[in-house]
file work-v9.pdb (PDB, C-alpha atoms, pLDDT in the B column)
ATOM      1  CA  MET I  10       0.511 -21.431  16.884  1.00 47.00           C
ATOM      2  CA  SER I  11       0.590 -21.417  20.622  1.00 46.00           C
ATOM      3  CA  GLU I  12      -2.358 -21.942  22.919  1.00 49.00           C
ATOM      4  CA  LYS I  13      -4.253 -19.155  24.622  1.00 50.00           C
ATOM      5  CA  ARG I  14      -2.163 -17.397  27.230  1.00 48.00           C
ATOM      6  CA  PRO I  15      -3.716 -17.913  30.675  1.00 46.00           C
ATOM      7  CA  ASP I  16      -2.065 -14.759  32.044  1.00 49.00           C
ATOM      8  CA  ARG I  17      -4.048 -12.509  29.684  1.00 51.00           C
ATOM      9  CA  PRO I  18      -7.094 -10.729  31.070  1.00 51.00           C
ATOM     10  CA  PRO I  19     -10.310 -11.500  29.189  1.00 69.00           C
ATOM     11  CA  TRP I  20     -10.432  -7.900  27.953  1.00 77.00           C
ATOM     12  CA  SER I  21      -7.031  -6.401  27.250  1.00 88.00           C
ATOM     13  CA  ALA I  22      -6.367  -3.210  25.302  1.00 91.00           C
ATOM     14  CA  ALA I  23      -5.141  -5.343  22.389  1.00 91.00           C
ATOM     15  CA  ARG I  24      -8.370  -7.365  22.395  1.00 92.00           C
ATOM     16  CA  LEU I  25     -10.493  -4.214  22.435  1.00 94.00           C
ATOM     17  CA  ILE I  26      -8.512  -2.999  19.423  1.00 95.00           C
ATOM     18  CA  TYR I  27      -8.409  -6.184  17.367  1.00 95.00           C
ATOM     19  CA  THR I  28     -12.111  -6.901  17.948  1.00 94.00           C
ATOM     20  CA  GLY I  29     -13.024  -3.332  17.003  1.00 95.00           C
ATOM     21  CA  LEU I  30     -14.442  -2.584  20.477  1.00 93.00           C
ATOM     22  CA  GLY I  31     -16.206  -5.959  20.409  1.00 92.00           C
ATOM     23  CA  LEU I  32     -17.790  -5.672  16.951  1.00 94.00           C
ATOM     24  CA  GLY I  33     -15.669  -8.598  15.763  1.00 93.00           C
ATOM     25  CA  LEU I  34     -17.475 -10.845  18.225  1.00 92.00           C
ATOM     26  CA  ALA I  35     -20.683 -10.648  16.175  1.00 94.00           C
ATOM     27  CA  PRO I  36     -21.887 -14.220  15.509  1.00 92.00           C
ATOM     28  CA  LYS I  37     -22.525 -13.515  11.805  1.00 95.00           C
ATOM     29  CA  ALA I  38     -20.554 -11.317   9.388  1.00 95.00           C
ATOM     30  CA  PRO I  39     -17.951  -9.993  11.853  1.00 95.00           C
ATOM     31  CA  GLY I  40     -16.039  -8.370   8.968  1.00 94.00           C
ATOM     32  CA  THR I  41     -19.076  -6.310   8.037  1.00 96.00           C
ATOM     33  CA  PHE I  42     -19.562  -5.303  11.672  1.00 95.00           C
ATOM     34  CA  GLY I  43     -15.869  -4.424  11.877  1.00 95.00           C
ATOM     35  CA  THR I  44     -16.220  -2.223   8.823  1.00 97.00           C
ATOM     36  CA  LEU I  45     -19.020  -0.407  10.665  1.00 96.00           C
ATOM     37  CA  LEU I  46     -16.355   0.819  13.101  1.00 96.00           C
ATOM     38  CA  GLY I  47     -14.886   2.700  10.157  1.00 97.00           C
ATOM     39  CA  LEU I  48     -17.984   4.900   9.787  1.00 96.00           C
ATOM     40  CA  PRO I  49     -17.667   6.857  13.055  1.00 97.00           C
ATOM     41  CA  LEU I  50     -13.889   6.908  12.629  1.00 97.00           C
ATOM     42  CA  TYR I  51     -14.371   8.438   9.186  1.00 97.00           C
ATOM     43  CA  TRP I  52     -16.833  11.003  10.551  1.00 96.00           C
ATOM     44  CA  LEU I  53     -14.223  11.917  13.158  1.00 97.00           C
ATOM     45  CA  LEU I  54     -11.250  12.018  10.783  1.00 97.00           C
ATOM     46  CA  GLY I  55     -12.859  12.983   7.471  1.00 95.00           C
ATOM     47  CA  GLY I  56     -12.567  16.711   8.064  1.00 94.00           C
ATOM     48  CA  LEU I  57      -8.828  16.605   8.660  1.00 97.00           C
ATOM     49  CA  ALA I  58      -6.347  17.914   6.115  1.00 97.00           C
ATOM     50  CA  TRP I  59      -5.201  15.011   3.956  1.00 97.00           C
ATOM     51  CA  PRO I  60      -1.715  14.653   5.537  1.00 98.00           C
ATOM     52  CA  LEU I  61      -3.285  14.381   9.001  1.00 98.00           C
ATOM     53  CA  TYR I  62      -5.907  11.933   7.707  1.00 98.00           C
ATOM     54  CA  LEU I  63      -3.159   9.730   6.231  1.00 98.00           C
ATOM     55  CA  ALA I  64      -1.156   9.968   9.457  1.00 98.00           C
ATOM     56  CA  ALA I  65      -4.228   8.827  11.425  1.00 98.00           C
ATOM     57  CA  VAL I  66      -4.819   5.897   9.052  1.00 98.00           C
ATOM     58  CA  LEU I  67      -1.135   4.961   9.303  1.00 98.00           C
ATOM     59  CA  ALA I  68      -1.378   5.066  13.116  1.00 98.00           C
ATOM     60  CA  ILE I  69      -4.459   2.810  13.018  1.00 98.00           C
ATOM     61  CA  PHE I  70      -2.611   0.483  10.634  1.00 98.00           C
ATOM     62  CA  LEU I  71       0.429   0.239  12.927  1.00 98.00           C
ATOM     63  CA  ILE I  72      -1.660  -0.205  16.085  1.00 97.00           C
ATOM     64  CA  GLY I  73      -3.813  -2.779  14.256  1.00 97.00           C
ATOM     65  CA  TRP I  74      -0.706  -4.654  13.087  1.00 97.00           C
ATOM     66  CA  ARG I  75       0.489  -4.954  16.676  1.00 97.00           C
ATOM     67  CA  ALA I  76      -2.972  -5.942  17.952  1.00 96.00           C
ATOM     68  CA  ALA I  77      -3.333  -8.540  15.166  1.00 96.00           C
ATOM     69  CA  GLU I  78       0.006 -10.046  16.224  1.00 95.00           C
ATOM     70  CA  THR I  79      -1.383 -10.337  19.767  1.00 94.00           C
ATOM     71  CA  ALA I  80      -4.584 -11.907  18.415  1.00 94.00           C
ATOM     72  CA  GLU I  81      -2.580 -14.566  16.575  1.00 93.00           C
ATOM     73  CA  ARG I  82      -0.767 -15.470  19.774  1.00 92.00           C
ATOM     74  CA  ASP I  83      -3.929 -15.391  21.906  1.00 88.00           C
ATOM     75  CA  LEU I  84      -6.277 -17.151  19.482  1.00 90.00           C
ATOM     76  CA  GLY I  85      -3.803 -19.410  17.705  1.00 90.00           C
ATOM     77  CA  LEU I  86      -5.162 -18.432  14.268  1.00 91.00           C
ATOM     78  CA  HIS I  87      -3.991 -16.243  11.427  1.00 91.00           C
ATOM     79  CA  ASP I  88      -6.609 -13.572  10.652  1.00 91.00           C
ATOM     80  CA  ALA I  89      -9.239 -14.965  13.024  1.00 93.00           C
ATOM     81  CA  PRO I  90     -12.782 -13.747  12.280  1.00 94.00           C
ATOM     82  CA  GLN I  91     -12.801 -11.747  15.539  1.00 94.00           C
ATOM     83  CA  VAL I  92      -9.958  -9.555  14.249  1.00 96.00           C
ATOM     84  CA  VAL I  93     -11.684  -6.619  12.550  1.00 97.00           C
ATOM     85  CA  ILE I  94      -9.424  -3.606  13.089  1.00 97.00           C
ATOM     86  CA  ASP I  95      -8.121  -4.393   9.596  1.00 97.00           C
ATOM     87  CA  GLU I  96     -11.589  -3.784   8.147  1.00 97.00           C
ATOM     88  CA  ALA I  97     -11.788  -0.376   9.810  1.00 97.00           C
ATOM     89  CA  ALA I  98      -8.353   0.544   8.414  1.00 98.00           C
ATOM     90  CA  GLY I  99      -9.351  -0.706   4.958  1.00 98.00           C
ATOM     91  CA  TYR I 100     -12.543   1.342   5.013  1.00 98.00           C
ATOM     92  CA  LEU I 101     -10.604   4.455   6.060  1.00 98.00           C
ATOM     93  CA  THR I 102      -8.261   3.816   3.128  1.00 98.00           C
ATOM     94  CA  THR I 103     -11.307   3.709   0.839  1.00 98.00           C
ATOM     95  CA  MET I 104     -12.513   7.046   2.162  1.00 98.00           C
ATOM     96  CA  PHE I 105      -9.244   8.962   1.624  1.00 98.00           C
ATOM     97  CA  LEU I 106     -10.170  12.239  -0.144  1.00 95.00           C
ATOM     98  CA  ALA I 107     -13.702  10.919  -0.662  1.00 94.00           C
ATOM     99  CA  PRO I 108     -16.172  13.294  -2.259  1.00 90.00           C
ATOM    100  CA  ALA I 109     -18.038  15.353   0.339  1.00 88.00           C
ATOM    101  CA  LEU I 110     -21.407  13.945  -0.689  1.00 89.00           C
ATOM    102  CA  PRO I 111     -23.937  12.167   1.529  1.00 91.00           C
ATOM    103  CA  TRP I 112     -23.817   8.956  -0.507  1.00 93.00           C
ATOM    104  CA  ALA I 113     -19.995   8.602  -0.396  1.00 95.00           C
ATOM    105  CA  PRO I 114     -19.650   6.839   3.009  1.00 97.00           C
ATOM    106  CA  LEU I 115     -22.266   4.235   2.062  1.00 97.00           C
ATOM    107  CA  TRP I 116     -20.863   3.625  -1.407  1.00 97.00           C
ATOM    108  CA  GLY I 117     -17.380   3.420   0.107  1.00 97.00           C
ATOM    109  CA  PHE I 118     -18.680   0.880   2.606  1.00 98.00           C
ATOM    110  CA  ALA I 119     -20.253  -1.227  -0.162  1.00 98.00           C
ATOM    111  CA  PHE I 120     -17.185  -1.053  -2.410  1.00 98.00           C
ATOM    112  CA  PHE I 121     -14.850  -1.949   0.440  1.00 98.00           C
ATOM    113  CA  ARG I 122     -16.941  -4.963   1.492  1.00 98.00           C
ATOM    114  CA  LEU I 123     -17.103  -6.100  -2.159  1.00 98.00           C
ATOM    115  CA  PHE I 124     -13.329  -6.036  -2.649  1.00 98.00           C
ATOM    116  CA  ASP I 125     -12.643  -7.434   0.815  1.00 97.00           C
ATOM    117  CA  ILE I 126     -14.883 -10.414   0.046  1.00 96.00           C
ATOM    118  CA  LEU I 127     -13.821 -10.965  -3.613  1.00 97.00           C
ATOM    119  CA  LYS I 128     -10.114 -10.478  -2.842  1.00 96.00           C
ATOM    120  CA  PRO I 129      -8.803  -9.755  -6.364  1.00 96.00           C
ATOM    121  CA  TRP I 130      -5.053 -10.029  -6.852  1.00 97.00           C
ATOM    122  CA  PRO I 131      -2.924  -8.753  -5.016  1.00 96.00           C
ATOM    123  CA  VAL I 132      -5.458  -8.729  -2.147  1.00 95.00           C
ATOM    124  CA  SER I 133      -5.667 -12.542  -2.322  1.00 94.00           C
ATOM    125  CA  TRP I 134      -1.876 -12.825  -2.427  1.00 96.00           C
ATOM    126  CA  ALA I 135      -1.487 -10.662   0.697  1.00 94.00           C
ATOM    127  CA  ASP I 136      -4.266 -12.612   2.424  1.00 92.00           C
ATOM    128  CA  GLN I 137      -2.571 -15.955   1.764  1.00 94.00           C
ATOM    129  CA  LYS I 138       1.149 -15.195   1.666  1.00 95.00           C
ATOM    130  CA  VAL I 139       1.961 -12.325   4.037  1.00 96.00           C
ATOM    131  CA  PRO I 140       2.351 -13.732   7.547  1.00 95.00           C
ATOM    132  CA  GLY I 141       1.490 -12.295  10.935  1.00 95.00           C
ATOM    133  CA  GLY I 142      -0.224  -9.057  11.787  1.00 95.00           C
ATOM    134  CA  LEU I 143       1.171  -7.402   8.673  1.00 97.00           C
ATOM    135  CA  GLY I 144      -0.708  -9.900   6.498  1.00 95.00           C
ATOM    136  CA  VAL I 145      -3.902  -9.399   8.497  1.00 96.00           C
ATOM    137  CA  MET I 146      -3.742  -5.655   7.854  1.00 97.00           C
ATOM    138  CA  ALA I 147      -2.234  -5.610   4.341  1.00 97.00           C
ATOM    139  CA  ASP I 148      -4.990  -7.425   2.466  1.00 97.00           C
ATOM    140  CA  ASP I 149      -7.597  -4.983   3.796  1.00 98.00           C
ATOM    141  CA  ILE I 150      -5.498  -1.950   2.902  1.00 98.00           C
ATOM    142  CA  LEU I 151      -5.183  -3.343  -0.630  1.00 98.00           C
ATOM    143  CA  ALA I 152      -8.942  -4.018  -0.781  1.00 98.00           C
ATOM    144  CA  GLY I 153      -9.386  -0.434   0.429  1.00 98.00           C
ATOM    145  CA  LEU I 154      -7.257   0.817  -2.475  1.00 98.00           C
ATOM    146  CA  TYR I 155      -9.457  -1.055  -4.976  1.00 98.00           C
ATOM    147  CA  ALA I 156     -12.542   0.365  -3.260  1.00 98.00           C
ATOM    148  CA  TRP I 157     -10.964   3.847  -3.335  1.00 98.00           C
ATOM    149  CA  LEU I 158     -10.551   3.535  -7.109  1.00 98.00           C
ATOM    150  CA  ALA I 159     -14.143   2.337  -7.500  1.00 97.00           C
ATOM    151  CA  LEU I 160     -15.446   5.202  -5.362  1.00 97.00           C
ATOM    152  CA  ARG I 161     -13.440   7.778  -7.316  1.00 95.00           C
ATOM    153  CA  ALA I 162     -14.567   6.291 -10.648  1.00 95.00           C
ATOM    154  CA  THR I 163     -18.212   6.265  -9.523  1.00 94.00           C
ATOM    155  CA  HIS I 164     -17.969   9.911  -8.530  1.00 92.00           C
ATOM    156  CA  LEU I 165     -16.180  10.886 -11.735  1.00 91.00           C
ATOM    157  CA  PHE I 166     -18.458   9.032 -14.156  1.00 90.00           C
ATOM    158  CA  PHE I 167     -21.855   9.302 -12.498  1.00 85.00           C
ATOM    159  CA  PHE I 168     -21.938  12.221 -10.101  1.00 75.00           C
ATOM    160  CA  ASN I 169     -19.477  14.792 -11.398  1.00 71.00           C
ATOM    161  CA  PRO I 170     -21.185  17.284 -13.734  1.00 62.00           C
TER     162      PRO I 170
END

call {"tool": "encode", "arguments": {"input": "work-v9.pdb", "output": "structure tokens"}}
result
Amino acid sequence: MSEKRPDRPPWSAARLIYTGLGLGLAPKAPGTFGTLLGLPLYWLLGGLAWPLYLAAVLAIFLIGWRAAETAERDLGLHDAPQVVIDEAAGYLTTMFLAPALPWAPLWGFAFFRLFDILKPWPVSWADQKVPGGLGVMADDILAGLYAWLALRATHLFFFNP
């Protein structure tokens, strides 16, 4: 990868996006802090009709993909720890059509972090084999799908009378 670009301002729009408004700069557990960005985004988007919610998640995915590409050029690393917009997109994937119960956002958060850390196949494959910004975003979307299934199963088996 190339070195840092000296012509880039210290805080560009892309950096604000890929660091999740700076949450990715946390010295410990930046992925967890990046997932925290998903909570207010979910509270903002959660009331939308499902097609609009999916369109918003797709927009975040596409913007994140572009910002992650910029991060790779600027930082010289694939999926640098500071890049956390992917965690927010993964969490929003988890929360698609989530049950309207007070525990759902927290359980979704926990399930997403679990699958993002464990990286079961194909999450691990996407993490290791898909290059560029697409790879940065794809593994978290896949982890979000696993977490979505876990959240739905939890609701169905334990909380649905």

call {"tool": "closest_atom_pairs", "arguments": {"input": "work-v9.pdb", "of": "stretch 16-99 of chain I", "to": "stretch 133-141 of chain I", "cutoff": "8 Å", "atoms": "all atoms listed in the file", "output": "Markdown table"}}
result
| residue | atom | partner | partner_atom | distance |
| --- | --- | --- | --- | --- |
| I:Ala77 | CA | I:Gly141 | CA | 7.4 |
| I:Glu78 | CA | I:Gly141 | CA | 5.9 |
| I:Glu81 | CA | I:Gly141 | CA | 7.3 |
| I:His87 | CA | I:Gly141 | CA | 6.8 |

call {"tool": "closest_residue", "arguments": {"input": "work-v9.pdb", "among": "I:Phe124, I:Phe168, I:Trp20, I:Trp59", "to": "I:Phe105", "atoms": "only C-alpha atoms"}}
result
I:Trp59

call {"tool": "atom_distance", "arguments": {"input": "work-v9.pdb", "atom1": "atom CA of I:Leu34", "atom2": "atom CA of I:Val93"}}
result
9.1 Å

call {"tool": "closest_residue", "arguments": {"input": "work-v9.pdb", "among": "I:Leu165, I:Leu86, I:Val92, I:Ala109", "to": "I:Ala35", "atoms": "all atoms listed in the file"}}
result
I:Val92

call {"tool": "residues_near_point", "arguments": {"input": "work-v9.pdb", "point": "(-6.2, 11.5, 8.4)", "cutoff": "9 Å", "atoms": "only C-alpha atoms", "output": "MDAnalysis selection string"}}
result
chainID I and resid 51 54:67 101 105

call {"tool": "resolve_selection", "arguments": {"input": "work-v9.pdb", "expression": "the PyMOL selection byres ((chain I and resi 46) around 9)", "output": "ChimeraX atom specification"}}
result
/I:29-30,32,42-45,47-51,93-94,96-97,100

call {"tool": "resolve_selection", "arguments": {"input": "work-v9.pdb", "expression": "the PyMOL selection byres ((chain I and resi 71) around 12)", "output": "ChimeraX atom specification"}}
result
/I:26-27,64-70,72-78,94-95,98,142-143,145-147,150

call {"tool": "closest_residue", "arguments": {"input": "work-v9.pdb", "among": "I:Gly85, I:Pro90, I:Gly99, I:Pro108", "to": "I:Lys37", "atoms": "only C-alpha atoms"}}
result
I:Pro90

call {"tool": "atom_distance", "arguments": {"input": "work-v9.pdb", "atom1": "atom CA of I:Leu53", "atom2": "atom CA of I:Leu127"}}
result
28.4 Å

call {"tool": "atom_distance", "arguments": {"input": "work-v9.pdb", "atom1": "atom CA of I:Gly144", "atom2": "atom CA of I:Arg161"}}
result
25.8 Å

call {"tool": "decode", "arguments": {"input": "work-v9.pdb", "residues": "stretch 60-93 of chain I", "atoms": "C-alpha atoms", "output": "PDB file, in the first residue's frame"}}
result
ATOM      1  CA  PRO I  60     -37.835  -0.588   1.970  1.00  0.00           C
ATOM      2  CA  LEU I  61     -36.620   2.819   3.175  1.00  0.00           C
ATOM      3  CA  TYR I  62     -34.655   1.202   6.015  1.00  0.00           C
ATOM      4  CA  LEU I  63     -32.928  -1.125   3.528  1.00  0.00           C
ATOM      5  CA  ALA I  64     -32.237   1.794   1.188  1.00  0.00           C
ATOM      6  CA  ALA I  65     -30.618   3.701   4.078  1.00  0.00           C
ATOM      7  CA  VAL I  66     -28.474   0.692   5.032  1.00  0.00           C
ATOM      8  CA  LEU I  67     -27.472   0.258   1.383  1.00  0.00           C
ATOM      9  CA  ALA I  68     -26.509   3.952   1.217  1.00  0.00           C
ATOM     10  CA  ILE I  69     -24.398   3.581   4.379  1.00  0.00           C
ATOM     11  CA  PHE I  70     -22.814   0.454   2.887  1.00  0.00           C
ATOM     12  CA  LEU I  71     -21.912   2.233  -0.366  1.00  0.00           C
ATOM     13  CA  ILE I  72     -20.621   5.359   1.394  1.00  0.00           C
ATOM     14  CA  GLY I  73     -18.680   3.142   3.830  1.00  0.00           C
ATOM     15  CA  TRP I  74     -17.180   1.159   0.940  1.00  0.00           C
ATOM     16  CA  ARG I  75     -15.877   4.366  -0.614  1.00  0.00           C
ATOM     17  CA  ALA I  76     -14.603   5.699   2.730  1.00  0.00           C
ATOM     18  CA  ALA I  77     -12.890   2.362   3.486  1.00  0.00           C
ATOM     19  CA  GLU I  78     -11.119   2.580   0.117  1.00  0.00           C
ATOM     20  CA  THR I  79      -9.862   6.036   1.134  1.00  0.00           C
ATOM     21  CA  ALA I  80      -8.761   4.671   4.520  1.00  0.00           C
ATOM     22  CA  GLU I  81      -6.704   1.953   2.830  1.00  0.00           C
ATOM     23  CA  ARG I  82      -4.926   4.552   0.727  1.00  0.00           C
ATOM     24  CA  ASP I  83      -4.434   6.964   3.640  1.00  0.00           C
ATOM     25  CA  LEU I  84      -3.443   4.428   6.300  1.00  0.00           C
ATOM     26  CA  GLY I  85      -1.749   1.829   4.119  1.00  0.00           C
ATOM     27  CA  LEU I  86      -3.661  -1.028   5.793  1.00  0.00           C
ATOM     28  CA  HIS I  87      -6.547  -3.265   4.841  1.00  0.00           C
ATOM     29  CA  ASP I  88      -9.350  -2.971   7.419  1.00  0.00           C
ATOM     30  CA  ALA I  89      -7.373  -0.796   9.837  1.00  0.00           C
ATOM     31  CA  PRO I  90      -8.782  -0.771  13.388  1.00  0.00           C
ATOM     32  CA  GLN I  91      -9.791   2.895  12.983  1.00  0.00           C
ATOM     33  CA  VAL I  92     -12.231   1.951  10.206  1.00  0.00           C
ATOM     34  CA  VAL I  93     -15.540   1.337  11.983  1.00  0.00           C
TER      35      VAL I  93
END
